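For reference, query-v5.pdb is printed below; it contains PDB, C-alpha atoms.
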ATOM      1  CA  MET R   1      22.210 -13.685  -8.970
ATOM      2  CA  ASN R   2      21.589 -11.658  -5.851
ATOM      3  CA  LEU R   3      19.502  -8.634  -6.738
ATOM      4  CA  HIS R   4      19.276  -5.691  -4.356
ATOM      5  CA  PHE R   5      16.382  -3.231  -4.299
ATOM      6  CA  ALA R   6      17.297   0.137  -2.818
ATOM      7  CA  THR R   7      14.173   0.950  -0.838
ATOM      8  CA  SER R   8      13.019   1.263   2.729
ATOM      9  CA  ASN R   9       9.378   0.935   1.617
ATOM     10  CA  THR R  10       8.182  -2.564   2.527
ATOM     11  CA  ASN R  11       5.089  -2.216   0.319
ATOM     12  CA  LYS R  12       7.239  -1.479  -2.744
ATOM     13  CA  LEU R  13       9.624  -4.320  -1.885
ATOM     14  CA  ASN R  14       6.835  -6.879  -1.530
ATOM     15  CA  GLU R  15       4.981  -5.658  -4.609
ATOM     16  CA  LEU R  16       8.059  -5.692  -6.852
ATOM     17  CA  SER R  17       9.205  -9.089  -5.531
ATOM     18  CA  GLU R  18       5.790 -10.507  -6.396
ATOM     19  CA  LEU R  19       5.721  -8.864  -9.822
ATOM     20  CA  LEU R  20       9.191 -10.107 -10.745
ATOM     21  CA  GLU R  21       8.645 -13.499  -9.106
ATOM     22  CA  TYR R  22      12.071 -12.971  -7.606
ATOM     23  CA  ARG R  23      13.263 -12.611  -4.037
ATOM     24  CA  LEU R  24      14.824  -9.171  -3.750
ATOM     25  CA  THR R  25      17.262  -8.175  -1.042
ATOM     26  CA  PRO R  26      16.218  -4.869   0.506
ATOM     27  CA  LEU R  27      18.925  -2.251   0.609
ATOM     28  CA  GLU R  28      18.053   0.503   3.030
ATOM     29  CA  LEU R  29      20.097   3.503   1.995
ATOM     30  CA  ASP R  30      19.540   7.159   2.666
ATOM     31  CA  LEU R  31      19.642   8.138  -1.007
ATOM     32  CA  GLN R  32      19.650  11.803  -1.841
ATOM     33  CA  GLU R  33      16.557  12.526  -3.925
ATOM     34  CA  ILE R  34      17.333  15.443  -6.169
ATOM     35  CA  GLN R  35      14.487  17.892  -6.678
ATOM     36  CA  THR R  36      13.614  17.550 -10.341
ATOM     37  CA  THR R  37      10.571  17.092 -12.522
ATOM     38  CA  ASP R  38      12.561  14.724 -14.776
ATOM     39  CA  LEU R  39      11.739  11.201 -13.589
ATOM     40  CA  GLN R  40      14.538   9.501 -15.538
ATOM     41  CA  GLU R  41      17.119  11.956 -14.197
ATOM     42  CA  LEU R  42      15.952  11.210 -10.655
ATOM     43  CA  VAL R  43      16.127   7.434 -11.149
ATOM     44  CA  LYS R  44      19.596   7.600 -12.723
ATOM     45  CA  HIS R  45      20.823   9.710  -9.810
ATOM     46  CA  LYS R  46      19.445   7.239  -7.258
ATOM     47  CA  LEU R  47      20.818   4.278  -9.232
ATOM     48  CA  LYS R  48      24.317   5.743  -9.340
ATOM     49  CA  GLN R  49      24.287   6.351  -5.578
ATOM     50  CA  ALA R  50      23.016   2.859  -4.799
ATOM     51  CA  TYR R  51      25.582   1.158  -7.037
ATOM     52  CA  GLU R  52      28.437   3.226  -5.574
ATOM     53  CA  HIS R  53      27.395   1.974  -2.157
ATOM     54  CA  ILE R  54      27.331  -1.787  -2.859
ATOM     55  CA  HIS R  55      29.068  -2.404  -6.222
ATOM     56  CA  ALA R  56      26.554  -5.160  -6.997
ATOM     57  CA  PRO R  57      23.428  -5.505  -9.160
ATOM     58  CA  VAL R  58      20.820  -3.074  -7.862
ATOM     59  CA  ILE R  59      17.336  -1.795  -8.672
ATOM     60  CA  VAL R  60      15.865   1.582  -7.800
ATOM     61  CA  GLU R  61      12.354   2.774  -8.522
ATOM     62  CA  ASP R  62      10.327   5.937  -8.485
ATOM     63  CA  THR R  63       6.686   6.384  -9.357
ATOM     64  CA  SER R  64       5.355   9.789 -10.296
ATOM     65  CA  LEU R  65       1.908  11.281 -10.664
ATOM     66  CA  TYR R  66       1.257  13.930 -13.307
ATOM     67  CA  PHE R  67      -1.842  16.161 -13.266
ATOM     68  CA  ASN R  68      -2.650  17.538 -16.704
ATOM     69  CA  ALA R  69      -4.280  20.659 -15.207
ATOM     70  CA  TRP R  70      -1.052  21.445 -13.334
ATOM     71  CA  ASN R  71       1.215  21.182 -16.389
ATOM     72  CA  GLU R  72       2.403  17.718 -15.329
ATOM     73  CA  LEU R  73       3.043  18.546 -11.662
ATOM     74  CA  PRO R  74       3.558  17.125  -9.114
ATOM     75  CA  GLY R  75       5.461  14.493 -11.125
ATOM     76  CA  PRO R  76       8.404  13.059  -9.169
ATOM     77  CA  LEU R  77       7.697  15.611  -6.438
ATOM     78  CA  VAL R  78       4.419  13.896  -5.502
ATOM     79  CA  LYS R  79       5.841  12.574  -2.224
ATOM     80  CA  TRP R  80       6.484  16.113  -0.997
ATOM     81  CA  PHE R  81       3.105  17.362  -2.195
ATOM     82  CA  ILE R  82       1.436  14.593  -0.171
ATOM     83  CA  GLU R  83       3.620  15.250   2.893
ATOM     84  CA  ASN R  84       2.739  18.948   2.840
ATOM     85  CA  LEU R  85      -0.865  18.939   1.606
ATOM     86  CA  GLY R  86      -2.078  15.433   2.403
ATOM     87  CA  LEU R  87      -4.027  13.424  -0.155
ATOM     88  CA  ALA R  88      -7.294  15.265   0.498
ATOM     89  CA  GLY R  89      -5.568  18.658   0.323
ATOM     90  CA  MET R  90      -3.914  17.798  -2.966
ATOM     91  CA  VAL R  91      -7.228  16.588  -4.415
ATOM     92  CA  ASN R  92      -9.027  19.707  -3.168
ATOM     93  CA  ALA R  93      -6.410  21.916  -4.832
ATOM     94  CA  LEU R  94      -6.783  20.007  -8.107
ATOM     95  CA  TYR R  95     -10.577  20.217  -7.909
ATOM     96  CA  GLN R  96     -10.281  23.977  -8.438
ATOM     97  CA  PHE R  97      -9.587  22.992 -12.057
ATOM     98  CA  LYS R  98     -11.969  21.394 -14.530
ATOM     99  CA  ASP R  99      -9.459  18.814 -15.822
ATOM    100  CA  LYS R 100      -8.971  15.917 -13.368
ATOM    101  CA  SER R 101      -7.019  13.728 -15.799
ATOM    102  CA  ALA R 102      -3.662  12.380 -14.736
ATOM    103  CA  GLN R 103      -0.944   9.947 -15.677
ATOM    104  CA  ALA R 104       1.012   7.666 -13.370
ATOM    105  CA  ILE R 105       4.500   6.703 -14.494
ATOM    106  CA  CYS R 106       6.879   4.252 -12.849
ATOM    107  CA  CYS R 107      10.539   4.234 -13.789
ATOM    108  CA  LEU R 108      12.522   1.232 -12.643
ATOM    109  CA  GLY R 109      16.291   1.494 -12.962
ATOM    110  CA  TYR R 110      18.812  -1.344 -12.969
ATOM    111  CA  THR R 111      22.568  -1.616 -13.185
ATOM    112  CA  ASN R 112      25.080  -4.380 -12.641
ATOM    113  CA  ASN R 113      28.178  -2.287 -13.308
ATOM    114  CA  ALA R 114      29.361   1.302 -13.117
ATOM    115  CA  LYS R 115      28.806   2.092 -16.791
ATOM    116  CA  SER R 116      25.441   0.718 -17.944
ATOM    117  CA  MET R 117      22.083   1.875 -16.616
ATOM    118  CA  TYR R 118      18.832   0.391 -17.858
ATOM    119  CA  LEU R 119      15.491   2.135 -17.387
ATOM    120  CA  PHE R 120      12.062   0.524 -17.702
ATOM    121  CA  GLU R 121       8.894   2.616 -17.681
ATOM    122  CA  GLY R 122       5.268   1.776 -17.144
ATOM    123  CA  LYS R 123       2.502   4.316 -17.756
ATOM    124  CA  VAL R 124      -1.179   4.405 -16.864
ATOM    125  CA  LYS R 125      -3.691   7.143 -17.652
ATOM    126  CA  GLY R 126      -6.545   7.916 -15.305
ATOM    127  CA  VAL R 127      -8.340  10.549 -13.260
ATOM    128  CA  ILE R 128      -7.916  11.955  -9.783
ATOM    129  CA  VAL R 129     -10.834  11.316  -7.431
ATOM    130  CA  LYS R 130     -11.630  11.964  -3.770
ATOM    131  CA  PRO R 131      -9.801   9.362  -1.632
ATOM    132  CA  ARG R 132     -11.367   5.899  -1.829
ATOM    133  CA  GLY R 133     -10.024   2.622  -0.536
ATOM    134  CA  SER R 134      -6.806   1.947   1.325
ATOM    135  CA  LEU R 135      -4.764   4.981   2.302
ATOM    136  CA  ASN R 136      -1.703   2.851   3.096
ATOM    137  CA  PHE R 137       0.200   3.130  -0.176
ATOM    138  CA  GLY R 138       1.054   6.608  -1.421
ATOM    139  CA  TRP R 139      -1.570   8.057  -3.717
ATOM    140  CA  ASP R 140      -3.331   4.787  -4.647
ATOM    141  CA  ALA R 141      -6.592   5.981  -3.042
ATOM    142  CA  ILE R 142      -6.927   9.001  -5.369
ATOM    143  CA  PHE R 143      -5.888   7.512  -8.734
ATOM    144  CA  GLN R 144      -8.581   5.783 -10.776
ATOM    145  CA  PRO R 145      -7.152   4.199 -13.940
ATOM    146  CA  SER R 146      -8.994   4.866 -17.192
ATOM    147  CA  GLU R 147     -11.680   2.308 -18.011
ATOM    148  CA  HIS R 148     -11.859   1.152 -14.363
ATOM    149  CA  GLU R 149     -14.410   1.934 -11.658
ATOM    150  CA  GLN R 150     -12.023   1.498  -8.720
ATOM    151  CA  THR R 151      -8.982   3.406  -7.521
ATOM    152  CA  PHE R 152      -5.747   1.482  -7.056
ATOM    153  CA  GLY R 153      -6.517   1.721  -3.322
ATOM    154  CA  GLU R 154      -9.790  -0.182  -3.819
ATOM    155  CA  MET R 155      -8.398  -2.929  -6.056
ATOM    156  CA  ASP R 156      -7.127  -6.236  -4.784
ATOM    157  CA  PRO R 157      -3.344  -6.461  -5.216
ATOM    158  CA  GLU R 158      -3.468  -8.910  -8.142
ATOM    159  CA  ASP R 159      -5.799  -6.685 -10.171
ATOM    160  CA  LYS R 160      -3.782  -3.586  -9.349
ATOM    161  CA  ASN R 161      -0.462  -5.213 -10.243
ATOM    162  CA  ARG R 162      -1.823  -6.340 -13.600
ATOM    163  CA  ILE R 163      -2.488  -2.752 -14.732
ATOM    164  CA  SER R 164      -0.294  -0.531 -12.528
ATOM    165  CA  PRO R 165       2.668   1.445 -13.844
ATOM    166  CA  ARG R 166       4.955  -0.544 -11.523
ATOM    167  CA  GLY R 167       3.490  -3.764 -12.916
ATOM    168  CA  LYS R 168       4.140  -2.617 -16.474
ATOM    169  CA  ALA R 169       7.713  -1.514 -15.691
ATOM    170  CA  ALA R 170       8.371  -4.785 -13.843
ATOM    171  CA  THR R 171       7.126  -6.798 -16.833
ATOM    172  CA  LYS R 172       9.621  -5.002 -19.093
ATOM    173  CA  PHE R 173      12.424  -5.531 -16.572
ATOM    174  CA  LYS R 174      11.561  -9.207 -16.148
ATOM    175  CA  HIS R 175      11.726  -9.652 -19.935
ATOM    176  CA  PHE R 176      15.131  -7.908 -19.935
ATOM    177  CA  LEU R 177      16.441 -10.265 -17.222
ATOM    178  CA  THR R 178      15.168 -13.297 -19.135
ATOM    179  CA  GLN R 179      16.798 -12.146 -22.382
ATOM    180  CA  SER R 180      20.055 -11.282 -20.583
ATOM    181  CA  ALA R 181      20.184 -14.739 -18.994
ATOM    182  CA  LYS R 182      19.753 -16.374 -22.412
ATOM    183  CA  GLN R 183      22.731 -14.434 -23.785
ATOM    184  CA  THR R 184      25.130 -15.572 -21.076
TER     185      THR R 184
END

Any chance you could give the structure as structure tokens?
Amino acid sequence: MNLHFATSNTNKLNELSELLEYRLTPLELDLQEIQTTDLQELVKHKLKQAYEHIHAPVIVEDTSLYFNAWNELPGPLVKWFIENLGLAGMVNALYQFKDKSAQAICCLGYTNNAKSMYLFEGKVKGVIVKPRGSLNFGWDAIFQPSEHEQTFGEMDPEDKNRISPRGKAATKFKHFLTQSAKQT
């Protein structure tokens, strides 16, 4: 089975390929990202667009960051918060509040036809800290998972993938693919 991943983000492509132990075909599409705080709605919208473009099995993914002090913002809008405020600016704005707790959620969507969409979520609780470690991958440098001393940006990729929301979502998706293959 040829499995496409609708992303232009090489880091996401490589990370998900490694997690799934599957060679994914990148599908660079200019998907319209609706402005919503509902992660599943966003992923379904992207999945529908991607499938309409290629009519073949396709994966889409979005990872959101929720600050408890901000009533779960920025959520799926985190990309735009970072683009406009920068990581340090976003952290400084959050540090005006006492509560630094956060939750990272990855939603991975898959379809192989026009009717069925499957969603797989991974969640990790943690705290927001001043940037530490690599600044090359979204907000990894500011998210420190609960019960860990390092941010995702400081962890080696294997350790990060073992506990990350994308790693957890990928594990669920991999199990789904294995079970689906057994049924055919």

Original post:
Using the chain letters and numbers from the file, which residues does the PyMOL selection byres ((chain R and resi 154) around 9) grab, as a PyMOL selection string?
Top reply: chain R and resi 132-134+140-141+150-153+155-156+160

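The gap separating atom CA of Asn112 of chain R from atom CA of Leu3 of chain R is 9.2 Å, in Å to one decimal.
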
Original post:
Any idea what's packed within 12 Å of Lys100 of chain R, counting all atoms listed in the file, ignoring anything in its chain fewer than 2 positions away? Could you give it as JSON, numbers by chain?
Top reply: {"R": [66, 67, 68, 69, 70, 71, 72, 90, 91, 92, 93, 94, 95, 96, 97, 98, 102, 103, 125, 126, 127, 128, 129, 130, 142, 143, 144, 145, 146]}

Original post:
To one decimal place, how far is atom CA of Asp62 of chain R from atom CA of Gly167 of chain R in Å?
Top reply: 12.7 Å

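Matched in the shown structure by the PyMOL selection byres ((chain R and resi 117) around 10): Val43, Lys44, Leu47, Lys48, Ile59, Gly109, Tyr110, Thr111, Asn112, Asn113, Ala114, Lys115, Ser116, Tyr118 and Leu119 of chain R.
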
Subject >> segment 15-31 of chain R surroundings by all atoms listed in the file, 10 Å radius, close-in-sequence under 3 positions cut, as a ChimeraX atom specification >> reply: /R:2-12,34,45-50,53-54,58-61,157-158,161-162,166-175,177

**OP:** Can you turn the PyMOL selection byres ((chain R and resi 76) around 7) into a concrete residue list for this file, as a ChimeraX atom specification?
**Re:** /R:36-37,39,63-65,74-75,77-78

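The space separating atom CA of Glu121 of chain R from atom CA of Leu108 of chain R comes to 6.4 Å.
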
Subject >> Residue among R:Ala56, R:Pro131, R:Ala104, R:Asn14 lying closest to Gly89 of chain R, counting all atoms listed in the file >> reply: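 Answer, going by the shortest atom-to-atom distance: R:Pro131.
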
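Each of R:Ala181, R:Leu73, R:Leu87, R:Val124 was compared to Cys106 of chain R using all atoms listed in the file, and R:Val124 turns out to be the nearest.
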